$ cat model31.cif   # mmCIF, C-alpha atoms
data_structure
loop_
_atom_site.label_atom_id
_atom_site.label_comp_id
_atom_site.auth_asym_id
_atom_site.auth_seq_id
_atom_site.Cartn_x
_atom_site.Cartn_y
_atom_site.Cartn_z
CA MET R 3 5.46 -22.24 -13.79
CA ARG R 4 9.06 -21.62 -12.87
CA ARG R 5 9.28 -19.92 -9.48
CA GLY R 6 12.44 -18.00 -10.36
CA GLY R 7 10.72 -15.01 -11.97
CA LEU R 8 7.51 -15.28 -9.97
CA PRO R 9 8.37 -12.70 -7.27
CA VAL R 10 9.13 -10.09 -9.92
CA ARG R 11 5.93 -10.92 -11.81
CA ALA R 12 3.91 -10.79 -8.57
CA VAL R 13 5.23 -7.34 -7.64
CA GLY R 14 4.84 -6.09 -11.20
CA ALA R 15 1.26 -7.32 -11.39
CA PHE R 16 0.45 -5.71 -8.04
CA LEU R 17 1.86 -2.35 -9.14
CA ALA R 18 0.22 -2.49 -12.56
CA LEU R 19 -3.26 -3.58 -11.52
CA PRO R 20 -4.45 -2.71 -7.99
CA GLY R 21 -1.69 -0.11 -7.72
CA THR R 22 -3.21 1.79 -10.61
CA VAL R 23 -6.89 1.16 -9.79
CA ALA R 24 -6.70 1.72 -6.02
CA PHE R 25 -3.98 4.36 -5.77
CA LEU R 26 -3.06 6.20 -8.98
CA VAL R 27 -6.57 6.79 -10.33
CA PRO R 28 -7.93 7.96 -6.96
CA LEU R 29 -4.95 10.30 -6.58
CA ALA R 30 -5.72 11.76 -10.01
CA LEU R 31 -9.40 12.18 -9.09
CA VAL R 32 -8.65 13.87 -5.75
CA GLY R 33 -5.95 16.15 -7.13
CA PRO R 34 -2.81 17.30 -5.41
CA LEU R 35 -2.68 16.39 -1.74
CA ASP R 36 -1.41 18.80 0.85
CA ALA R 37 -1.58 19.35 4.59
CA SER R 38 -4.69 21.51 4.22
CA ARG R 39 -6.66 18.49 3.03
CA PRO R 40 -5.78 15.54 5.26
CA LEU R 41 -7.43 12.16 4.98
CA ALA R 42 -10.14 11.78 7.64
CA LEU R 43 -9.42 9.07 10.21
CA GLU R 44 -12.40 6.87 9.30
CA GLY R 45 -11.30 6.86 5.66
CA ALA R 46 -7.73 6.01 6.64
CA VAL R 47 -8.98 3.04 8.69
CA VAL R 48 -10.95 1.69 5.72
CA VAL R 49 -7.95 2.17 3.40
CA VAL R 50 -5.70 0.27 5.81
CA ILE R 51 -8.21 -2.59 6.12
CA GLY R 52 -8.45 -2.75 2.33
CA CYS R 53 -4.65 -2.82 2.03
CA VAL R 54 -4.42 -5.70 4.52
CA VAL R 55 -7.10 -7.64 2.63
CA LEU R 56 -5.37 -7.01 -0.69
CA ALA R 57 -1.89 -7.94 0.61
CA TRP R 58 -3.23 -11.13 2.22
CA CYS R 59 -4.84 -12.17 -1.08
CA VAL R 60 -1.74 -11.40 -3.15
CA ARG R 61 0.28 -13.52 -0.73
CA ASP R 62 -2.18 -16.43 -1.00
CA PHE R 63 -2.07 -16.23 -4.81
CA TYR R 64 1.71 -16.38 -4.67
CA VAL R 65 2.16 -19.02 -1.95
CA THR R 66 -0.84 -21.31 -2.41
CA GLY R 67 -1.74 -20.68 -6.03
CA ARG R 68 1.84 -20.38 -7.30
CA GLY R 69 0.92 -17.42 -9.48
CA THR R 70 -0.01 -13.77 -9.42
CA LEU R 71 -3.14 -11.66 -9.59
CA ALA R 72 -2.38 -10.80 -13.23
CA PRO R 73 -4.31 -12.51 -16.02
CA TRP R 74 -1.00 -13.06 -17.84
CA SER R 75 0.42 -15.05 -14.88
CA PRO R 76 -2.55 -16.55 -12.99
CA PRO R 77 -2.31 -19.01 -10.10
CA GLU R 78 -1.76 -22.61 -11.15
CA GLN R 79 -3.87 -23.91 -8.26
CA LEU R 80 -7.36 -22.84 -7.24
CA VAL R 81 -6.89 -20.61 -4.19
CA VAL R 82 -9.41 -21.50 -1.46
CA VAL R 83 -7.48 -20.58 1.69
CA GLY R 84 -7.36 -17.48 3.87
CA LEU R 85 -9.99 -14.92 2.96
CA TYR R 86 -10.98 -17.06 -0.02
CA ARG R 87 -12.80 -19.29 2.47
CA TYR R 88 -15.33 -16.46 2.98
CA SER R 89 -15.50 -14.79 -0.43
CA ARG R 90 -14.57 -15.97 -3.91
CA ASN R 91 -13.32 -12.44 -4.65
CA PRO R 92 -11.73 -10.91 -1.56
CA MET R 93 -9.06 -9.19 -3.65
CA TYR R 94 -11.73 -7.14 -5.41
CA VAL R 95 -13.36 -6.48 -2.03
CA GLY R 96 -10.00 -5.19 -0.78
CA VAL R 97 -9.64 -2.83 -3.76
CA LEU R 98 -13.19 -1.56 -3.24
CA LEU R 99 -12.45 -0.97 0.44
CA ILE R 100 -9.36 1.05 -0.45
CA VAL R 101 -11.19 3.20 -3.00
CA SER R 102 -14.19 3.60 -0.67
CA GLY R 103 -11.82 4.61 2.12
CA TRP R 104 -10.32 7.31 -0.11
CA ALA R 105 -13.84 8.52 -0.97
CA LEU R 106 -14.85 8.60 2.69
CA GLY R 107 -11.60 10.10 3.88
CA PHE R 108 -11.56 12.92 1.33
CA ARG R 109 -15.37 13.36 1.26
CA SER R 110 -15.12 12.98 -2.51
CA THR R 111 -18.18 12.50 -4.71
CA ALA R 112 -15.92 11.70 -7.68
CA LEU R 113 -14.25 8.89 -5.74
CA SER R 114 -17.63 7.58 -4.56
CA VAL R 115 -18.83 7.39 -8.17
CA TYR R 116 -15.54 5.76 -9.13
CA ALA R 117 -15.99 3.13 -6.37
CA LEU R 118 -19.52 2.32 -7.54
CA THR R 119 -18.35 2.11 -11.15
CA LEU R 120 -15.55 -0.24 -10.13
CA ALA R 121 -18.00 -2.45 -8.23
CA ALA R 122 -20.17 -2.77 -11.34
CA LEU R 123 -17.16 -3.46 -13.58
CA PHE R 124 -15.79 -6.05 -11.14
CA GLN R 125 -19.16 -7.82 -11.12
CA LEU R 126 -19.18 -7.99 -14.93
CA ARG R 127 -15.55 -9.16 -15.08
CA VAL R 128 -16.11 -11.88 -12.51
CA VAL R 129 -19.40 -13.19 -13.92
CA TYR R 130 -18.55 -13.08 -17.61
CA GLY R 131 -14.78 -13.54 -17.57
CA GLU R 132 -13.19 -15.05 -14.51
CA GLU R 133 -15.82 -17.54 -13.35
CA PRO R 134 -16.26 -19.22 -16.76
CA TRP R 135 -12.45 -19.45 -17.06
CA LEU R 136 -12.16 -20.93 -13.56
CA ALA R 137 -14.89 -23.47 -14.34
CA ARG R 138 -13.05 -24.57 -17.50
CA THR R 139 -9.66 -24.61 -15.78
CA HIS R 140 -10.52 -26.24 -12.45
CA GLY R 141 -13.68 -28.21 -13.27
CA GLU R 142 -15.41 -29.89 -10.36
CA ALA R 143 -13.10 -28.29 -7.78
CA TRP R 144 -14.35 -24.87 -8.94
CA ASN R 145 -17.98 -26.00 -9.04
CA HIS R 146 -17.78 -27.27 -5.46
CA TYR R 147 -16.04 -24.10 -4.31
CA ALA R 148 -18.54 -21.85 -6.10
CA ARG R 149 -21.45 -23.68 -4.44
CA SER R 150 -19.81 -23.41 -1.00
CA VAL R 151 -18.47 -19.84 -0.89
CA PRO R 152 -20.34 -16.64 -1.80
CA ARG R 153 -19.11 -14.55 -4.73
CA TRP R 154 -18.68 -11.45 -2.61
CA ILE R 155 -19.20 -11.50 1.14
CA LEU R 156 -22.86 -12.44 1.63
#
$ encode --input "model31.cif" --output "structure tokens"
Amino acid sequence: MRRGGLPVRAVGAFLALPGTVAFLVPLALVGPLDASRPLALEGAVVVVIGCVVLAWCVRDFYVTGRGTLAPWSPPEQLVVVGLYRYSRNPMYVGVLLIVSGWALGFRSTALSVYALTLAALFQLRVVYGEEPWLARTHGEAWNHYARSVPRWIL
């Protein structure tokens, strides 16, 4: 992959994918925000933690993997550094933390249901889409990694 357009693709992928899932959809579910409905502190803390996790993973995809989080521009190398040493899917964990933080912070049932739905959809995507592709693409390196690191966090 030529690195020249990679920063633009990385930012575009971030805005299109987790930007939509973790920010735009929750905003639509919560409705207009105003000073009368502030985000509770505990929710804000979880959102910030999720944002740090997500940013760290996007950086590792870009620097180590030489790609982006988008399926149309995936990393060229298997990313097994940083948070990927503890979870095969920390980027999804980060998105779920952000959405769960919104749900907690706004005391929103709709956002809680959305977070649970996302968790189920992420599980299906990972098991039936990403992991088979990674096995085909990275062979034994993926198999070793998958045996050594949990899919989520436990």
$ atom_distance --input "model31.cif" --atom1 "CA of Asp62 (chain R)" --atom2 "CA of Trp144 (chain R)"
16.8 Å
$ resolve_selection --input "model31.cif" --expression "the PyMOL selection byres ((chain R and resi 29) around 12)" --output "VMD selection string"
chain R and resid 21 to 28 30 to 36 41 100 to 101 104 to 105 108 110 112 to 113 116
$ atom_distance --input "model31.cif" --atom1 "CA of Arg127 (chain R)" --atom2 "CA of Thr70 (chain R)"
17.2 Å
$ closest_residue --input "model31.cif" --among "R:Leu98, R:Glu78, R:Gly67, R:His146" --to "Ala122 (chain R)" --atoms "all atoms listed in the file"
R:Leu98
$ residues_near_point --input "model31.cif" --point "(-5.7, -19.3, -0.7)" --cutoff "9 Å" --atoms "all atoms listed in the file" --output "list in words"
Cys59, Arg61, Asp62, Phe63, Tyr64, Val65, Thr66, Gly67, Leu80, Val81, Val82, Val83, Gly84, Leu85, Tyr86 and Arg87 of chain R
$ atom_distance --input "model31.cif" --atom1 "CA of Trp154 (chain R)" --atom2 "CA of Gly107 (chain R)"
23.6 Å
$ resolve_selection --input "model31.cif" --expression "the PyMOL selection byres ((chain R and resi 153) around 7)" --output "list in words"
Ser89, Arg90, Asn91, Val151, Pro152, Trp154 and Ile155 of chain R
$ resolve_selection --input "model31.cif" --expression "the PyMOL selection byres ((chain R and resi 54) around 12)" --output "ChimeraX atom specification"
/R:47-53,55-61,85,92-93,95-97,99-100
$ closest_residue --input "model31.cif" --among "R:Tyr147, R:Pro40, R:Ala46, R:Leu19" --to "Gly103 (chain R)" --atoms "all atoms listed in the file"
R:Ala46
$ axis_aligned_box --input "model31.cif" --around "region 41-58 of chain R" --padding-each-side "3 Å" --output "AutoDock Vina command-line options"
--center_x -7.1 --center_y 0.5 --center_z 4.8 --size_x 16.5 --size_y 29.3 --size_z 16.9
$ closest_residue --input "model31.cif" --among "R:Val115, R:Arg39, R:Pro20, R:Ala72" --to "Glu132 (chain R)" --atoms "all atoms listed in the file"
R:Ala72
$ closest_residue --input "model31.cif" --among "R:Asn145, R:Pro73, R:Gln79, R:Thr111" --to "Gly131 (chain R)" --atoms "all atoms listed in the file"
R:Pro73
$ closest_residue --input "model31.cif" --among "R:Leu43, R:Leu136, R:Leu120, R:Leu71" --to "Ala18 (chain R)" --atoms "all atoms listed in the file"
R:Leu71
$ build_atoms --input "model31.cif" --residues "region 67-78 of chain R" --atoms "N, CA, C and O atoms" --output "compact mmCIF listing (two decimals), in the coordinates of the input"
# COMPACT_ATOMS: atom_id res chain seq x y z
N GLY R 67 -1.40 -20.51 -4.63
CA GLY R 67 -1.74 -20.68 -6.03
C GLY R 67 -0.56 -20.79 -6.96
O GLY R 67 -0.69 -21.20 -8.11
N ARG R 68 0.63 -20.38 -6.48
CA ARG R 68 1.84 -20.38 -7.30
C ARG R 68 1.67 -19.55 -8.57
O ARG R 68 1.99 -19.97 -9.67
N GLY R 69 1.12 -18.34 -8.36
CA GLY R 69 0.92 -17.42 -9.48
C GLY R 69 0.72 -16.02 -8.95
O GLY R 69 1.04 -15.72 -7.79
N THR R 70 0.20 -15.16 -9.80
CA THR R 70 -0.01 -13.77 -9.42
C THR R 70 -1.46 -13.38 -9.68
O THR R 70 -2.24 -14.16 -10.24
N LEU R 71 -1.79 -12.14 -9.35
CA LEU R 71 -3.14 -11.66 -9.59
C LEU R 71 -3.35 -11.24 -11.04
O LEU R 71 -4.45 -10.93 -11.45
N ALA R 72 -2.30 -11.25 -11.84
CA ALA R 72 -2.38 -10.80 -13.23
C ALA R 72 -2.94 -11.89 -14.13
O ALA R 72 -2.58 -13.06 -14.00
N PRO R 73 -3.78 -11.51 -15.08
CA PRO R 73 -4.31 -12.51 -16.02
C PRO R 73 -3.22 -13.15 -16.87
O PRO R 73 -3.39 -14.26 -17.37
N TRP R 74 -2.07 -12.49 -17.04
CA TRP R 74 -1.00 -13.06 -17.84
C TRP R 74 -0.11 -14.02 -17.04
O TRP R 74 0.77 -14.64 -17.59
N SER R 75 -0.36 -14.14 -15.73
CA SER R 75 0.42 -15.05 -14.88
C SER R 75 -0.46 -15.54 -13.72
O SER R 75 -0.14 -15.34 -12.55
N PRO R 76 -1.59 -16.19 -14.04
CA PRO R 76 -2.55 -16.55 -12.99
C PRO R 76 -2.05 -17.70 -12.12
O PRO R 76 -1.12 -18.42 -12.50
N PRO R 77 -2.68 -17.87 -10.96
CA PRO R 77 -2.31 -19.01 -10.10
C PRO R 77 -2.52 -20.34 -10.84
O PRO R 77 -3.45 -20.48 -11.63
N GLU R 78 -1.64 -21.27 -10.56
CA GLU R 78 -1.76 -22.61 -11.15
C GLU R 78 -2.80 -23.43 -10.40
O GLU R 78 -3.41 -24.32 -10.98
